[in-house]
Structures are given as structure tokens and as C-alpha cells.
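The structure file structure-v9.txt is reproduced below (compact mmCIF, C-alpha atoms).
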```
# COMPACT_ATOMS: atom_id res chain seq x y z
CA MET A 296 171.81 118.45 121.35
CA THR A 297 171.36 118.02 117.63
CA GLN A 298 167.92 116.67 116.81
CA LEU A 299 168.49 113.32 115.12
CA PHE A 300 165.99 111.15 113.33
CA GLU A 301 165.00 108.27 115.64
CA PRO A 302 165.98 104.70 114.72
CA VAL A 303 163.09 102.34 114.06
CA GLY A 304 162.42 98.63 113.73
CA CYS A 305 159.71 97.76 111.21
CA LYS A 306 158.20 94.30 111.38
CA VAL A 307 157.27 92.71 108.06
CA ASP A 308 154.28 90.35 107.95
CA LEU A 309 154.91 87.95 105.07
CA GLN A 310 151.30 86.78 105.02
CA THR A 311 149.70 90.18 104.60
CA GLY A 312 152.63 92.13 103.12
CA ALA A 313 152.11 94.75 105.81
CA MET A 314 154.96 96.52 107.60
CA SER A 315 154.69 98.04 111.07
CA ASP A 316 155.70 101.68 111.55
CA ALA A 317 155.20 102.42 107.85
CA THR A 318 154.93 106.12 107.02
CA GLY A 319 152.67 105.49 104.04
CA ASP A 320 151.05 102.94 101.79
CA TYR A 321 149.13 102.73 98.54
CA GLN A 322 147.00 100.21 96.70
CA LYS A 323 146.44 99.53 93.03
CA ARG A 324 143.15 97.99 91.96
CA PHE A 325 142.55 95.94 88.84
CA ARG A 326 140.77 98.86 87.14
CA ASP A 327 143.85 101.09 87.61
CA LEU A 328 145.81 98.86 85.24
CA GLU A 329 143.58 99.23 82.18
CA GLY A 330 145.64 99.45 79.01
CA LEU A 331 148.65 97.63 80.43
CA TYR A 332 147.87 94.20 79.03
CA ALA A 333 147.91 92.97 75.43
CA ASP A 334 144.51 91.30 75.59
CA ALA A 335 141.99 94.13 76.10
CA ASP A 336 139.06 91.76 75.66
CA ALA A 337 140.31 89.48 78.41
CA PHE A 338 140.78 92.53 80.63
CA SER A 339 137.20 93.66 79.98
CA ALA A 340 135.84 90.19 80.65
CA MET A 341 137.58 90.16 84.04
CA GLN A 342 136.32 93.57 85.13
CA ALA A 343 132.97 92.45 86.52
CA GLU A 344 134.68 90.22 89.04
CA TRP A 345 138.02 91.96 89.50
CA ASN A 346 137.53 95.70 89.09
CA ASP A 347 137.75 96.73 92.75
CA THR A 348 140.23 94.08 93.79
CA VAL A 349 143.53 95.38 95.15
CA VAL A 350 146.02 93.62 92.87
CA TYR A 351 149.09 95.06 94.52
CA GLU A 352 149.93 97.25 97.45
CA VAL A 353 152.95 98.90 98.96
CA SER A 354 153.83 99.79 102.56
CA GLU A 355 156.80 102.10 102.80
CA PHE A 356 159.02 103.87 105.27
CA ARG A 357 160.07 107.24 103.89
CA PRO A 358 162.10 109.22 106.44
CA ASN A 359 162.41 112.10 103.94
CA GLU A 360 163.48 112.63 100.32
CA ARG A 361 166.91 114.03 101.04
CA SER A 362 169.83 113.00 98.80
CA GLY A 363 171.88 110.34 100.54
CA ASP A 364 168.97 108.93 102.56
CA LEU A 365 166.99 105.73 101.85
CA ILE A 366 163.35 104.73 101.40
CA PHE A 367 162.33 101.11 101.93
CA GLY A 368 159.20 99.01 102.16
CA VAL A 369 157.28 95.93 101.21
CA THR A 370 155.23 95.16 98.12
CA ARG A 371 152.59 92.42 97.83
CA MET A 372 151.13 91.35 94.46
CA LEU A 373 148.27 88.96 93.78
CA PRO A 374 148.81 86.11 91.33
CA GLY A 375 146.79 86.11 88.15
CA LYS A 376 146.78 86.51 84.39
CA VAL A 377 144.97 88.70 81.85
CA GLY A 378 144.59 86.26 78.99
CA THR A 379 147.96 84.52 79.02
CA GLU A 380 149.83 87.52 80.41
CA TYR A 381 150.94 87.47 84.03
CA PHE A 382 149.93 90.26 86.42
CA VAL A 383 152.36 93.17 86.40
CA THR A 384 152.93 96.40 88.28
CA ARG A 385 152.70 99.68 86.42
CA GLY A 386 156.49 99.97 86.46
CA HIS A 387 158.73 103.02 86.43
CA ILE A 388 162.12 104.54 85.82
CA HIS A 389 163.48 106.81 88.51
CA ARG A 390 162.91 110.50 87.94
CA GLN A 391 166.60 110.78 88.75
CA ALA A 392 167.24 107.97 86.30
CA ASP A 393 170.74 107.25 87.63
CA ARG A 394 169.28 105.92 90.90
CA PRO A 395 169.20 102.13 91.40
CA GLU A 396 166.80 99.97 93.41
CA ILE A 397 167.08 96.66 95.16
CA TYR A 398 164.32 94.11 95.66
CA TYR A 399 164.42 91.12 97.95
CA GLY A 400 162.07 88.20 97.36
CA GLN A 401 160.34 86.85 100.44
CA LYS A 402 157.38 84.81 99.24
CA GLY A 403 156.08 83.55 95.92
CA ARG A 404 157.69 83.44 92.51
CA GLY A 405 158.23 86.56 90.47
CA LEU A 406 160.58 88.37 88.20
CA MET A 407 161.83 91.83 87.46
CA LEU A 408 161.33 92.89 83.86
CA MET A 409 163.81 95.62 82.93
CA GLU A 410 164.30 97.76 79.84
CA SER A 411 167.08 100.19 79.03
CA PRO A 412 166.22 103.56 77.47
CA GLU A 413 167.37 102.12 74.12
CA GLY A 414 165.05 99.09 74.50
CA GLU A 415 167.34 96.31 75.72
CA ILE A 416 165.39 93.81 77.84
CA ARG A 417 166.64 91.96 80.92
CA VAL A 418 164.79 89.57 83.22
CA VAL A 419 165.86 88.52 86.73
CA GLU A 420 163.85 85.79 88.43
CA ILE A 421 163.03 86.55 92.07
CA ASP A 422 162.16 83.76 94.45
CA ALA A 423 162.40 83.86 98.24
CA GLN A 424 165.89 85.01 99.28
CA THR A 425 166.85 86.45 95.89
CA VAL A 426 168.14 90.03 95.92
CA CYS A 427 167.62 91.75 92.58
CA TYR A 428 169.82 94.78 91.89
CA VAL A 429 168.23 97.12 89.35
CA PRO A 430 171.13 99.32 88.24
CA PRO A 431 170.79 102.99 87.30
CA TYR A 432 168.84 103.80 84.11
CA TRP A 433 166.80 100.57 83.90
CA ILE A 434 163.02 100.89 83.61
CA HIS A 435 161.59 98.14 85.82
CA ARG A 436 158.32 96.35 86.47
CA SER A 437 157.52 93.41 88.77
CA VAL A 438 155.70 90.37 87.42
CA ASN A 439 154.05 87.66 89.49
CA VAL A 440 154.63 84.42 87.56
CA GLY A 441 153.62 82.13 90.42
CA ASP A 442 150.33 80.91 91.78
CA GLU A 443 150.58 82.60 95.17
CA GLU A 444 151.18 86.15 96.35
CA LEU A 445 154.54 87.67 95.53
CA VAL A 446 156.03 89.55 98.50
CA MET A 447 159.24 91.55 98.12
CA LEU A 448 161.10 94.16 100.11
CA PHE A 449 162.53 97.12 98.25
CA CYS A 450 165.02 99.89 98.98
CA TYR A 451 166.04 102.90 96.89
CA PRO A 452 167.77 106.25 97.35
CA ALA A 453 165.39 108.77 98.92
CA ASP A 454 165.85 111.31 96.11
CA SER A 455 165.07 108.85 93.27
CA GLY A 456 161.49 109.78 92.46
CA GLN A 457 159.36 107.77 90.02
CA ASP A 458 158.51 108.45 86.38
CA TYR A 459 155.57 106.27 85.32
CA ASP A 460 154.91 107.94 81.95
CA CYS A 461 158.12 106.67 80.44
CA ILE A 462 156.52 103.25 79.85
CA ALA A 463 153.13 104.50 78.63
CA LYS A 464 154.76 106.86 76.12
CA ALA A 465 156.58 103.92 74.49
CA GLY A 466 153.40 101.84 74.20
CA GLY A 467 154.41 99.68 77.14
CA MET A 468 157.58 97.74 77.75
CA ARG A 469 159.21 96.01 74.79
CA ALA A 470 158.57 92.53 76.22
CA ARG A 471 155.57 90.88 77.82
CA ILE A 472 155.74 87.94 80.19
CA VAL A 473 153.20 85.22 79.37
CA ASP A 474 152.29 81.70 80.40
CA ASP A 475 154.41 79.21 78.46
CA GLY A 476 151.72 76.54 78.79
CA LYS A 477 154.06 74.36 80.83
CA GLY A 478 153.65 75.97 84.24
CA GLY A 479 156.33 78.54 83.58
CA TRP A 480 156.74 81.83 81.75
CA LYS A 481 158.19 83.09 78.51
CA GLN A 482 159.05 86.48 77.11
CA VAL A 483 157.25 87.66 73.97
CA ASP A 484 157.47 90.87 71.96
CA ASN A 485 155.03 93.67 72.65
CA ALA A 486 153.76 94.57 69.19
CA GLY A 487 152.70 98.01 70.42
CA TRP A 488 156.13 99.07 71.60
CA ARG A 489 157.75 102.07 69.90
CA MET A 490 161.45 102.79 70.13
CA ARG A 491 162.27 106.03 71.96
CA ASP A 492 163.71 108.78 69.80
CA ALA A 493 167.20 110.10 70.40
CA ALA A 494 166.00 113.18 72.28
CA THR A 495 163.94 111.10 74.71
CA ILE A 496 166.85 108.76 75.33
CA ALA A 497 169.21 111.69 75.87
CA ALA A 498 166.76 113.18 78.35
CA LEU A 499 166.68 109.92 80.33
CA TYR A 500 170.47 110.04 80.57
CA GLY A 501 170.34 113.77 81.21
CA HIS A 502 170.97 113.68 84.91
CA GLN A 503 174.27 111.87 84.39
CA GLN A 504 175.33 114.22 81.62
CA LYS A 505 174.64 117.22 83.83
CA GLU A 506 176.67 115.72 86.65
CA GLU A 507 179.55 114.86 84.39
CA THR A 508 179.87 118.32 82.93
CA ALA A 509 179.32 120.08 86.27
CA MET B 112 174.40 102.17 72.87
CA THR B 113 175.22 103.50 76.31
CA GLN B 114 177.04 100.89 78.37
CA LEU B 115 174.79 100.18 81.35
CA PHE B 116 175.58 98.19 84.45
CA GLU B 117 173.97 94.74 84.10
CA PRO B 118 171.12 93.76 86.46
CA VAL B 119 171.84 90.85 88.77
CA GLY B 120 169.97 88.42 91.00
CA CYS B 121 171.92 87.41 94.11
CA LYS B 122 170.74 84.32 95.97
CA VAL B 123 171.07 84.44 99.77
CA ASP B 124 171.75 81.19 101.62
CA LEU B 125 170.31 81.63 105.11
CA GLN B 126 172.20 78.63 106.47
CA THR B 127 175.68 79.77 105.47
CA GLY B 128 175.09 83.52 105.17
CA ALA B 129 176.64 83.36 101.70
CA MET B 130 175.34 85.37 98.75
CA SER B 131 175.82 84.36 95.11
CA ASP B 132 177.35 86.90 92.71
CA ALA B 133 178.94 88.83 95.56
CA THR B 134 181.70 91.21 94.51
CA GLY B 135 183.54 90.84 97.80
CA ASP B 136 183.54 89.42 101.28
CA TYR B 137 185.45 89.65 104.53
CA GLN B 138 185.77 87.72 107.75
CA LYS B 139 186.48 88.79 111.31
CA ARG B 140 188.09 86.28 113.62
CA PHE B 141 187.84 86.24 117.40
CA ARG B 142 191.38 87.61 117.76
CA ASP B 143 190.49 90.66 115.64
CA LEU B 144 188.08 91.81 118.35
CA GLU B 145 190.58 92.08 121.20
CA GLY B 146 189.85 95.12 123.36
CA LEU B 147 186.18 95.33 122.45
CA TYR B 148 184.81 93.52 125.48
CA ALA B 149 184.72 94.59 129.14
CA ASP B 150 186.09 91.33 130.52
CA ALA B 151 189.66 91.10 129.19
CA ASP B 152 190.36 88.03 131.33
CA ALA B 153 187.40 86.18 129.88
CA PHE B 154 188.57 87.15 126.38
CA SER B 155 192.09 85.79 127.11
CA ALA B 156 190.68 82.58 128.53
CA MET B 157 188.69 82.02 125.33
CA GLN B 158 191.60 82.64 122.98
CA ALA B 159 193.06 79.12 123.02
CA GLU B 160 189.84 77.71 121.66
CA TRP B 161 188.44 80.66 119.73
CA ASN B 162 191.32 82.70 118.33
CA ASP B 163 191.08 81.65 114.68
CA THR B 164 187.34 81.21 114.60
CA VAL B 165 185.48 83.43 112.16
CA VAL B 166 182.98 85.16 114.46
CA TYR B 167 181.32 87.16 111.72
CA GLU B 168 181.54 87.54 107.99
CA VAL B 169 180.10 89.71 105.29
CA SER B 170 179.30 89.03 101.62
CA GLU B 171 178.58 92.17 99.68
CA PHE B 172 177.59 93.42 96.27
CA ARG B 173 179.29 96.73 95.56
CA PRO B 174 178.57 97.94 92.03
CA ASN B 175 180.71 101.04 92.65
CA GLU B 176 181.02 103.84 95.22
CA ARG B 177 179.26 106.51 93.22
CA SER B 178 176.91 108.90 95.05
CA GLY B 179 173.33 107.85 94.48
CA ASP B 180 174.14 104.15 94.05
CA LEU B 181 173.64 101.36 96.63
CA ILE B 182 175.75 98.64 98.25
CA PHE B 183 174.06 95.62 99.79
CA GLY B 184 174.94 92.26 101.27
CA VAL B 185 174.55 89.69 103.99
CA THR B 186 176.17 89.45 107.39
CA ARG B 187 176.38 86.29 109.51
CA MET B 188 177.44 86.39 113.19
CA LEU B 189 178.12 83.48 115.51
CA PRO B 190 176.36 83.39 118.87
CA GLY B 191 178.49 83.64 121.99
CA LYS B 192 179.53 85.72 124.99
CA VAL B 193 182.78 87.06 126.41
CA GLY B 194 182.07 86.81 130.12
CA THR B 195 178.46 87.98 130.27
CA GLU B 196 178.75 90.24 127.21
CA TYR B 197 177.16 89.14 123.96
CA PHE B 198 179.23 88.93 120.77
CA VAL B 199 179.35 92.21 118.85
CA THR B 200 180.65 93.51 115.56
CA ARG B 201 183.32 96.19 115.56
CA GLY B 202 180.74 98.81 114.63
CA HIS B 203 181.08 102.03 112.70
CA ILE B 204 179.71 105.41 111.78
CA HIS B 205 179.63 106.28 108.10
CA ARG B 206 182.56 108.34 106.86
CA GLN B 207 179.87 110.50 105.30
CA ALA B 208 178.08 110.49 108.62
CA ASP B 209 174.77 111.68 107.15
CA ARG B 210 174.32 108.36 105.34
CA PRO B 211 171.80 105.87 106.80
CA GLU B 212 171.77 102.07 106.65
CA ILE B 213 169.05 99.46 106.74
CA TYR B 214 169.32 95.95 108.13
CA TYR B 215 166.83 93.15 107.64
CA GLY B 216 166.80 90.23 110.07
CA GLN B 217 166.55 86.81 108.47
CA LYS B 218 167.65 84.29 111.09
CA GLY B 219 168.46 84.36 114.80
CA ARG B 220 167.88 87.01 117.40
CA GLY B 221 169.94 90.18 117.49
CA LEU B 222 169.86 93.87 118.05
CA MET B 223 171.32 97.05 116.68
CA LEU B 224 173.13 99.12 119.33
CA MET B 225 173.26 102.76 118.25
CA GLU B 226 174.92 105.85 119.71
CA SER B 227 174.61 109.46 118.64
CA PRO B 228 177.73 111.62 118.46
CA GLU B 229 176.63 113.17 121.80
CA GLY B 230 176.30 109.74 123.43
CA GLU B 231 172.57 109.01 123.31
CA ILE B 232 171.94 105.25 123.14
CA ARG B 233 169.21 103.47 121.21
CA VAL B 234 168.54 99.76 120.81
CA VAL B 235 166.37 98.12 118.13
CA GLU B 236 165.73 94.39 118.44
CA ILE B 237 166.09 92.50 115.16
CA ASP B 238 164.43 89.14 114.70
CA ALA B 239 163.55 87.50 111.39
CA GLN B 240 161.52 89.90 109.23
CA THR B 241 162.45 93.03 111.20
CA VAL B 242 163.82 95.93 109.14
CA CYS B 243 165.99 98.24 111.24
CA TYR B 244 166.49 101.76 109.88
CA VAL B 245 169.69 103.35 111.21
CA PRO B 246 169.22 107.04 110.45
CA PRO B 247 172.04 109.41 109.51
CA TYR B 248 174.64 110.19 112.22
CA TRP B 249 174.08 107.11 114.40
CA ILE B 250 177.12 104.97 115.25
CA HIS B 251 175.93 101.36 115.02
CA ARG B 252 177.04 97.89 116.03
CA SER B 253 175.25 94.53 115.69
CA VAL B 254 174.88 92.25 118.72
CA ASN B 255 173.89 88.58 118.62
CA VAL B 256 171.76 88.04 121.73
CA GLY B 257 170.43 84.64 120.65
CA ASP B 258 171.78 81.13 120.76
CA GLU B 259 172.01 80.61 117.01
CA GLU B 260 173.63 82.47 114.13
CA LEU B 261 172.33 85.93 113.40
CA VAL B 262 171.86 86.52 109.66
CA MET B 263 170.89 89.96 108.35
CA LEU B 264 170.81 91.69 105.00
CA PHE B 265 172.06 95.25 104.82
CA CYS B 266 171.88 98.11 102.33
CA TYR B 267 173.51 101.55 102.40
CA PRO B 268 174.33 104.38 100.02
CA ALA B 269 177.40 103.54 97.93
CA ASP B 270 179.28 106.67 98.96
CA SER B 271 178.82 106.15 102.74
CA GLY B 272 182.22 104.75 103.69
CA GLN B 273 182.97 103.43 107.18
CA ASP B 274 184.77 105.06 110.09
CA TYR B 275 185.71 102.40 112.65
CA ASP B 276 187.97 104.61 114.82
CA CYS B 277 185.10 106.70 116.07
CA ILE B 278 184.17 103.97 118.58
CA ALA B 279 187.70 103.11 119.68
CA LYS B 280 188.56 106.76 120.33
CA ALA B 281 185.65 107.05 122.78
CA GLY B 282 186.69 103.91 124.69
CA GLY B 283 183.95 101.87 123.06
CA MET B 284 180.24 102.51 122.86
CA ARG B 285 178.52 104.01 125.88
CA ALA B 286 176.45 100.88 126.53
CA ARG B 287 177.25 97.20 126.60
CA ILE B 288 174.73 94.41 126.00
CA VAL B 289 174.99 91.61 128.56
CA ASP B 290 173.17 88.47 129.60
CA ASP B 291 170.39 89.34 132.05
CA GLY B 292 170.55 85.88 133.60
CA LYS B 293 167.00 85.15 132.47
CA GLY B 294 167.65 84.13 128.88
CA GLY B 295 167.51 87.71 127.64
CA TRP B 296 169.71 90.77 127.49
CA LYS B 297 170.13 94.04 129.33
CA GLN B 298 171.97 97.24 128.65
CA VAL B 299 174.71 98.30 131.10
CA ASP B 300 177.04 101.30 131.17
CA ASN B 301 180.50 101.00 129.69
CA ALA B 302 182.73 102.40 132.45
CA GLY B 303 185.50 103.09 129.93
CA TRP B 304 183.40 105.36 127.70
CA ARG B 305 184.51 108.98 127.35
CA MET B 306 182.22 111.69 126.04
CA ARG B 307 183.37 113.20 122.73
CA ASP B 308 184.53 116.79 122.91
CA ALA B 309 182.70 119.52 121.04
CA ALA B 310 185.20 119.61 118.18
CA THR B 311 184.87 115.86 117.56
CA ILE B 312 181.09 116.10 117.61
CA ALA B 313 181.16 119.06 115.23
CA ALA B 314 183.43 117.11 112.88
CA LEU B 315 180.96 114.19 112.83
CA TYR B 316 178.22 116.61 111.81
CA GLY B 317 180.61 118.37 109.45
CA HIS B 318 179.32 116.91 106.25
CA GLN B 319 175.83 118.26 106.93
CA GLN B 320 177.16 121.66 107.90
CA LYS B 321 179.15 121.87 104.70
CA GLU B 322 176.11 120.90 102.65
CA GLU B 323 173.90 123.42 104.39
CA THR B 324 176.25 126.34 103.85
CA ALA B 325 177.09 125.34 100.26
```

For the file at hand, write its structure as C-alpha cells.
Amino acid sequence: MTQLFEPVGCKVDLQTGAMSDATGDYQKRFRDLEGLYADADAFSAMQAEWNDTVVYEVSEFRPNERSGDLIFGVTRMLPGKVGTEYFVTRGHIHRQADRPEIYYGQKGRGLMLMESPEGEIRVVEIDAQTVCYVPPYWIHRSVNVGDEELVMLFCYPADSGQDYDCIAKAGGMRARIVDDGKGGWKQVDNAGWRMRDAATIAALYGHQQKEETA
Amino acid sequence: MTQLFEPVGCKVDLQTGAMSDATGDYQKRFRDLEGLYADADAFSAMQAEWNDTVVYEVSEFRPNERSGDLIFGVTRMLPGKVGTEYFVTRGHIHRQADRPEIYYGQKGRGLMLMESPEGEIRVVEIDAQTVCYVPPYWIHRSVNVGDEELVMLFCYPADSGQDYDCIAKAGGMRARIVDDGKGGWKQVDNAGWRMRDAATIAALYGHQQKEETA
């Protein structure tokens, strides 16, 4: 008989963000996010207390990385701000940039901050029971704009891969999400952002171009 | 600027099983499921009351059917039994049989009944916050074994397609899920099931074989 991959049922714990039968997990600590926030002084001031704190973590189920398969998991983010700026994940575009991702809010109040290769910004608010579809080619980063943990499920094509440098090379994402002083959030410009040049943009769309001319 | 697909946030209503911003939906009524259950007399006896009742429905978001993209949505199933057999969906294998699917339980008590092309059976129980991974090549059907509606999210590769005949041609799935008389469920043999012949099995694995020799 053909050897098939065995079905599995993974139980998600909304309190801890853990998932049973995960094949892997990783944690990001406060210190890993140095350079991401506008207010470097505020970041430094927080380091004594926060440096080793796990600010977000991911449990994932990754059957393989074969084209046509799926990877899924759970992400849990602490609430907090660096200065007025809400806690963010590092963010990424898919290495195969034409791969999408879906997120499903389960607890807390967050948003997905997205940027096209050309620098268009989109924001989708994610509360419990909101599915956010991040279409192909959108750089994306999660932001916790609430005062409790943000827990979301995610699912993406197994051959997507992640490119984290894409954001750093542009000086961050074009928009930052900050406290609006009224219990909510607002989007402000990131003064350090640099538009990608034409070659970089073409490279991000490269996978599609290759496919289309194949 | 390159025309990108716009991000979207779809709100899931756990009470109605509806999803905002869906691109499509479909309903199955009791009468559409004739022939699926072991007890044809019990099915007939229920028709006067149940025939036009929507026993399950699906709201989906389908950006396109391009390889590498994703389709997701929500399914809502009524509770009930035909004789002792719990309500089921029609079930399918993916037309590209090497495509997986994930389900995420949100409300109610259900299970995923799975069958390999060779006739191996697997069952994964799905309660709220259980993610079920249906790996490539598994025929799958949802069963509501609870006494309230079963609501699940699903996500699968956009180029998967569905083959519904695969089950009918074999006389159903090899196992049926029936009331165990103690408030739970048990798996029993389907007397009408016929093993697939070697050519049919090879055809179900055909996509993989083609890929491997390409």
C-alpha cells in the first residue's frame, strides 16, 4: 500500500497559544526586535525589564514544504507599546512572493499591516472570528493594538518560504501603527522608509514573470 | 503600478455560519443526500418533514483557482440522524488528489471521516479549537455527531478541485458513523462498500506519478 501521510487533529489552546501535535515552534524576545520601532530611546529604556521577555511565539504544523501542501499554526503576541508604537512582528513577504496567507483572529484585537512592493499600504483589523486574506505579493506584519494577547491561526502554502530582509532593506514598512490617544490606533508615516528601486520591485514579482513566460 | 488583489477581512458569524465578503456559497438540502445513508426506509420516512431543509451550507472566499493560491470558508451542518447514522456531508477527494485541506472546529461536535484510495479508514474528532489536517490523497467527509450545529472553517489550495464521484462509485465510504447508544458515536462497516480496482487507485495517485516522472 502507498505510504500516506497520517491525518492529525491539533488542539489549539487559546489561553497559551499552544497547539498540540505541532512539528515546531519558535519564540521572539523583545531584544530580537531592536531597530524595528521609531523610538529607539523608548526601546532602550524598556530593555532592562523586557529584554528576555518572549513577545511573540509561533507553534506550527509543517507536514513538508512540497508545492501544493499547506503549513498552519498559531501565533500569540503580547500587548504593549514602544513609545506610542504598538508591538509588531518582524513581518515578511513570501520567498515565493506570489503565495498568499490567511490569518484567523481568535483572541484579542489586532491588525494586519500590509505593503505592496511599490509601497501601497493596506490595513485589515483582526478581532476574534475575522479571517484576513493576505493576497500574493503583499508584505505583511501583525500588530497587537489591544490590551490583551493577540492569538491568531495562520495557514499558507507549504512552498511559500519567508523573506524577512525585504522590510529591513526598505528602512521598515512605510506606515507605523501608533496609539491615537483615544484608546485606538492610527497609521503614521515611517520617516525612515525608502521606496524600492525598479529592479528590486521587478525581482519581487519575478516568480510570476517566470511562470508567465514559461 | 502592478494591479494586486486587494486584502480582505471576512467576519465569521458562529451562530449562522455566515461569512462576510464571501465570493460564493451553496446549500445542500436533505433531498440532495438520498442514497448516502444505510437506512433507506428511515430516509424516506424523514422526507415529508425534512426534504427542503438545508442540512449543510458553505460560504467561501475564492480569490481565483490559480496554483499556489488559497480558498477558504465556513461550513455549517445541522445535527441529526438517519436511523442511527449521523448526518454527513457528501464528501470528496480533491481532483488534484495530492492537495490537502485543513478544517478548524468552531462550534459543535463533529469528526472528519477519511478513507485512503486503498480503503484505509481514519477518524479525527473535531471540537471547537481543533485543527484537522487532511493530508494529500485522503477522501474526506464531515460528520456531525453532536446535538447542535457543527461549524468549521476550512482552507485548501486554490487548484485542488473536488471529485465527488469517487465515493459514489465505491458504494459509499468504507465506514459509517452511527449512534453508539451511549451519547457517543461508533464506526461500523458499510456493507455496500466495494474495494477500488488497481487502475482506479493508480488514477487517484496519477497526479503524483506524473509529477515524479516529469

Expected answer as a PDB file with C-alpha atoms, in the frame of the given file: chain B residues within 9 Å of chain A, only C-alpha atoms:
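Dumped everything to out06.pdb:
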```pdb
ATOM      1  CA  MET B 112     174.400 102.170  72.870  1.00  0.00           C
ATOM      2  CA  THR B 113     175.220 103.500  76.310  1.00  0.00           C
ATOM      3  CA  LEU B 115     174.790 100.180  81.350  1.00  0.00           C
ATOM      4  CA  PHE B 116     175.580  98.190  84.450  1.00  0.00           C
ATOM      5  CA  GLU B 117     173.970  94.740  84.100  1.00  0.00           C
ATOM      6  CA  PRO B 118     171.120  93.760  86.460  1.00  0.00           C
ATOM      7  CA  VAL B 119     171.840  90.850  88.770  1.00  0.00           C
ATOM      8  CA  GLY B 120     169.970  88.420  91.000  1.00  0.00           C
ATOM      9  CA  CYS B 121     171.920  87.410  94.110  1.00  0.00           C
ATOM     10  CA  LYS B 122     170.740  84.320  95.970  1.00  0.00           C
ATOM     11  CA  VAL B 123     171.070  84.440  99.770  1.00  0.00           C
ATOM     12  CA  ASP B 124     171.750  81.190 101.620  1.00  0.00           C
ATOM     13  CA  LEU B 125     170.310  81.630 105.110  1.00  0.00           C
ATOM     14  CA  PRO B 174     178.570  97.940  92.030  1.00  0.00           C
ATOM     15  CA  SER B 178     176.910 108.900  95.050  1.00  0.00           C
ATOM     16  CA  GLY B 179     173.330 107.850  94.480  1.00  0.00           C
ATOM     17  CA  ASP B 180     174.140 104.150  94.050  1.00  0.00           C
ATOM     18  CA  LEU B 181     173.640 101.360  96.630  1.00  0.00           C
ATOM     19  CA  PHE B 183     174.060  95.620  99.790  1.00  0.00           C
ATOM     20  CA  GLY B 184     174.940  92.260 101.270  1.00  0.00           C
ATOM     21  CA  ASP B 209     174.770 111.680 107.150  1.00  0.00           C
ATOM     22  CA  ARG B 210     174.320 108.360 105.340  1.00  0.00           C
ATOM     23  CA  PRO B 211     171.800 105.870 106.800  1.00  0.00           C
ATOM     24  CA  GLU B 212     171.770 102.070 106.650  1.00  0.00           C
ATOM     25  CA  ILE B 213     169.050  99.460 106.740  1.00  0.00           C
ATOM     26  CA  MET B 225     173.260 102.760 118.250  1.00  0.00           C
ATOM     27  CA  SER B 227     174.610 109.460 118.640  1.00  0.00           C
ATOM     28  CA  GLU B 229     176.630 113.170 121.800  1.00  0.00           C
ATOM     29  CA  ARG B 233     169.210 103.470 121.210  1.00  0.00           C
ATOM     30  CA  VAL B 234     168.540  99.760 120.810  1.00  0.00           C
ATOM     31  CA  VAL B 235     166.370  98.120 118.130  1.00  0.00           C
ATOM     32  CA  GLU B 236     165.730  94.390 118.440  1.00  0.00           C
ATOM     33  CA  ILE B 237     166.090  92.500 115.160  1.00  0.00           C
ATOM     34  CA  ASP B 238     164.430  89.140 114.700  1.00  0.00           C
ATOM     35  CA  ALA B 239     163.550  87.500 111.390  1.00  0.00           C
ATOM     36  CA  GLN B 240     161.520  89.900 109.230  1.00  0.00           C
ATOM     37  CA  THR B 241     162.450  93.030 111.200  1.00  0.00           C
ATOM     38  CA  VAL B 242     163.820  95.930 109.140  1.00  0.00           C
ATOM     39  CA  CYS B 243     165.990  98.240 111.240  1.00  0.00           C
ATOM     40  CA  TYR B 244     166.490 101.760 109.880  1.00  0.00           C
ATOM     41  CA  VAL B 245     169.690 103.350 111.210  1.00  0.00           C
ATOM     42  CA  PRO B 246     169.220 107.040 110.450  1.00  0.00           C
ATOM     43  CA  PRO B 247     172.040 109.410 109.510  1.00  0.00           C
ATOM     44  CA  TYR B 248     174.640 110.190 112.220  1.00  0.00           C
ATOM     45  CA  TRP B 249     174.080 107.110 114.400  1.00  0.00           C
ATOM     46  CA  CYS B 266     171.880  98.110 102.330  1.00  0.00           C
ATOM     47  CA  TYR B 267     173.510 101.550 102.400  1.00  0.00           C
ATOM     48  CA  PRO B 268     174.330 104.380 100.020  1.00  0.00           C
ATOM     49  CA  ASP B 270     179.280 106.670  98.960  1.00  0.00           C
ATOM     50  CA  SER B 271     178.820 106.150 102.740  1.00  0.00           C
TER      51      SER B 271
END
```

At what distance in Å, to one decimal, does CA of Arg324 (chain A) lie from CA of Val349 (chain A)? 4.1 Å

Expressed in Å, the length from CA of Asp474 (chain A) to CA of Pro374 (chain A) is 12.3 Å

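Atom pair CA of Glu168 (chain B) / CA of His203 (chain B) has a distance of 15.2 Å (rounded to one decimal).
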
Surrounding residues of Arg206 (chain B) excluding itself and chain neighbours under 4 positions, 8 Å, all atoms listed in the file, as a PyMOL selection string: chain B and resi 271-274

Okay, now the selection with C-alpha atoms, as a short mmCIF file (atom, residue, chain, number, x, y, z; two decimals), in the coordinates of the input?
```cif
data_model
loop_
_atom_site.label_atom_id
_atom_site.label_comp_id
_atom_site.auth_asym_id
_atom_site.auth_seq_id
_atom_site.Cartn_x
_atom_site.Cartn_y
_atom_site.Cartn_z
CA SER B 271 178.82 106.15 102.74
CA GLY B 272 182.22 104.75 103.69
CA GLN B 273 182.97 103.43 107.18
CA ASP B 274 184.77 105.06 110.09
#
```

Tell me which of A:Asp327, A:Gly466, A:Thr384, A:Ala493 sits closest to His435 (chain A), counting all atoms listed in the file.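 Among A:Asp327, A:Gly466, A:Thr384, A:Ala493, it is A:Thr384 that comes nearest to His435 (chain A).
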
Which centre and which edge lengths, in Å to one decimal, describe the axis-aligned box that holds all listed atoms of region 173-182 of chain B after 4 Å is added on each side, as JSON?
```
{"center_x": 177.2, "center_y": 102.8, "center_z": 95.1, "size_x": 15.7, "size_y": 20.2, "size_z": 14.2}
```

My list of candidates is A:Val377, A:Ala486, A:Ala392, A:Val350. Which is closest to Asp334 (chain A) when distances are computed with all atoms listed in the file? A:Val377

Might you pull out every residue within 9 Å of Val353 (chain A), with all atoms listed in the file counted and same-chain residues fewer than 3 positions away left off, and present them as a list in words? Gly312, Ala313, Gly319, Asp320, Tyr321, Gln322, Lys323, Gly368, Val369, Thr370, Arg371 and Met372 of chain A

Considering all atoms listed in the file, can you say which of A:Gln298, A:Thr379, A:Thr311, A:Thr495 comes closest to Gly478 (chain A)? A:Thr379
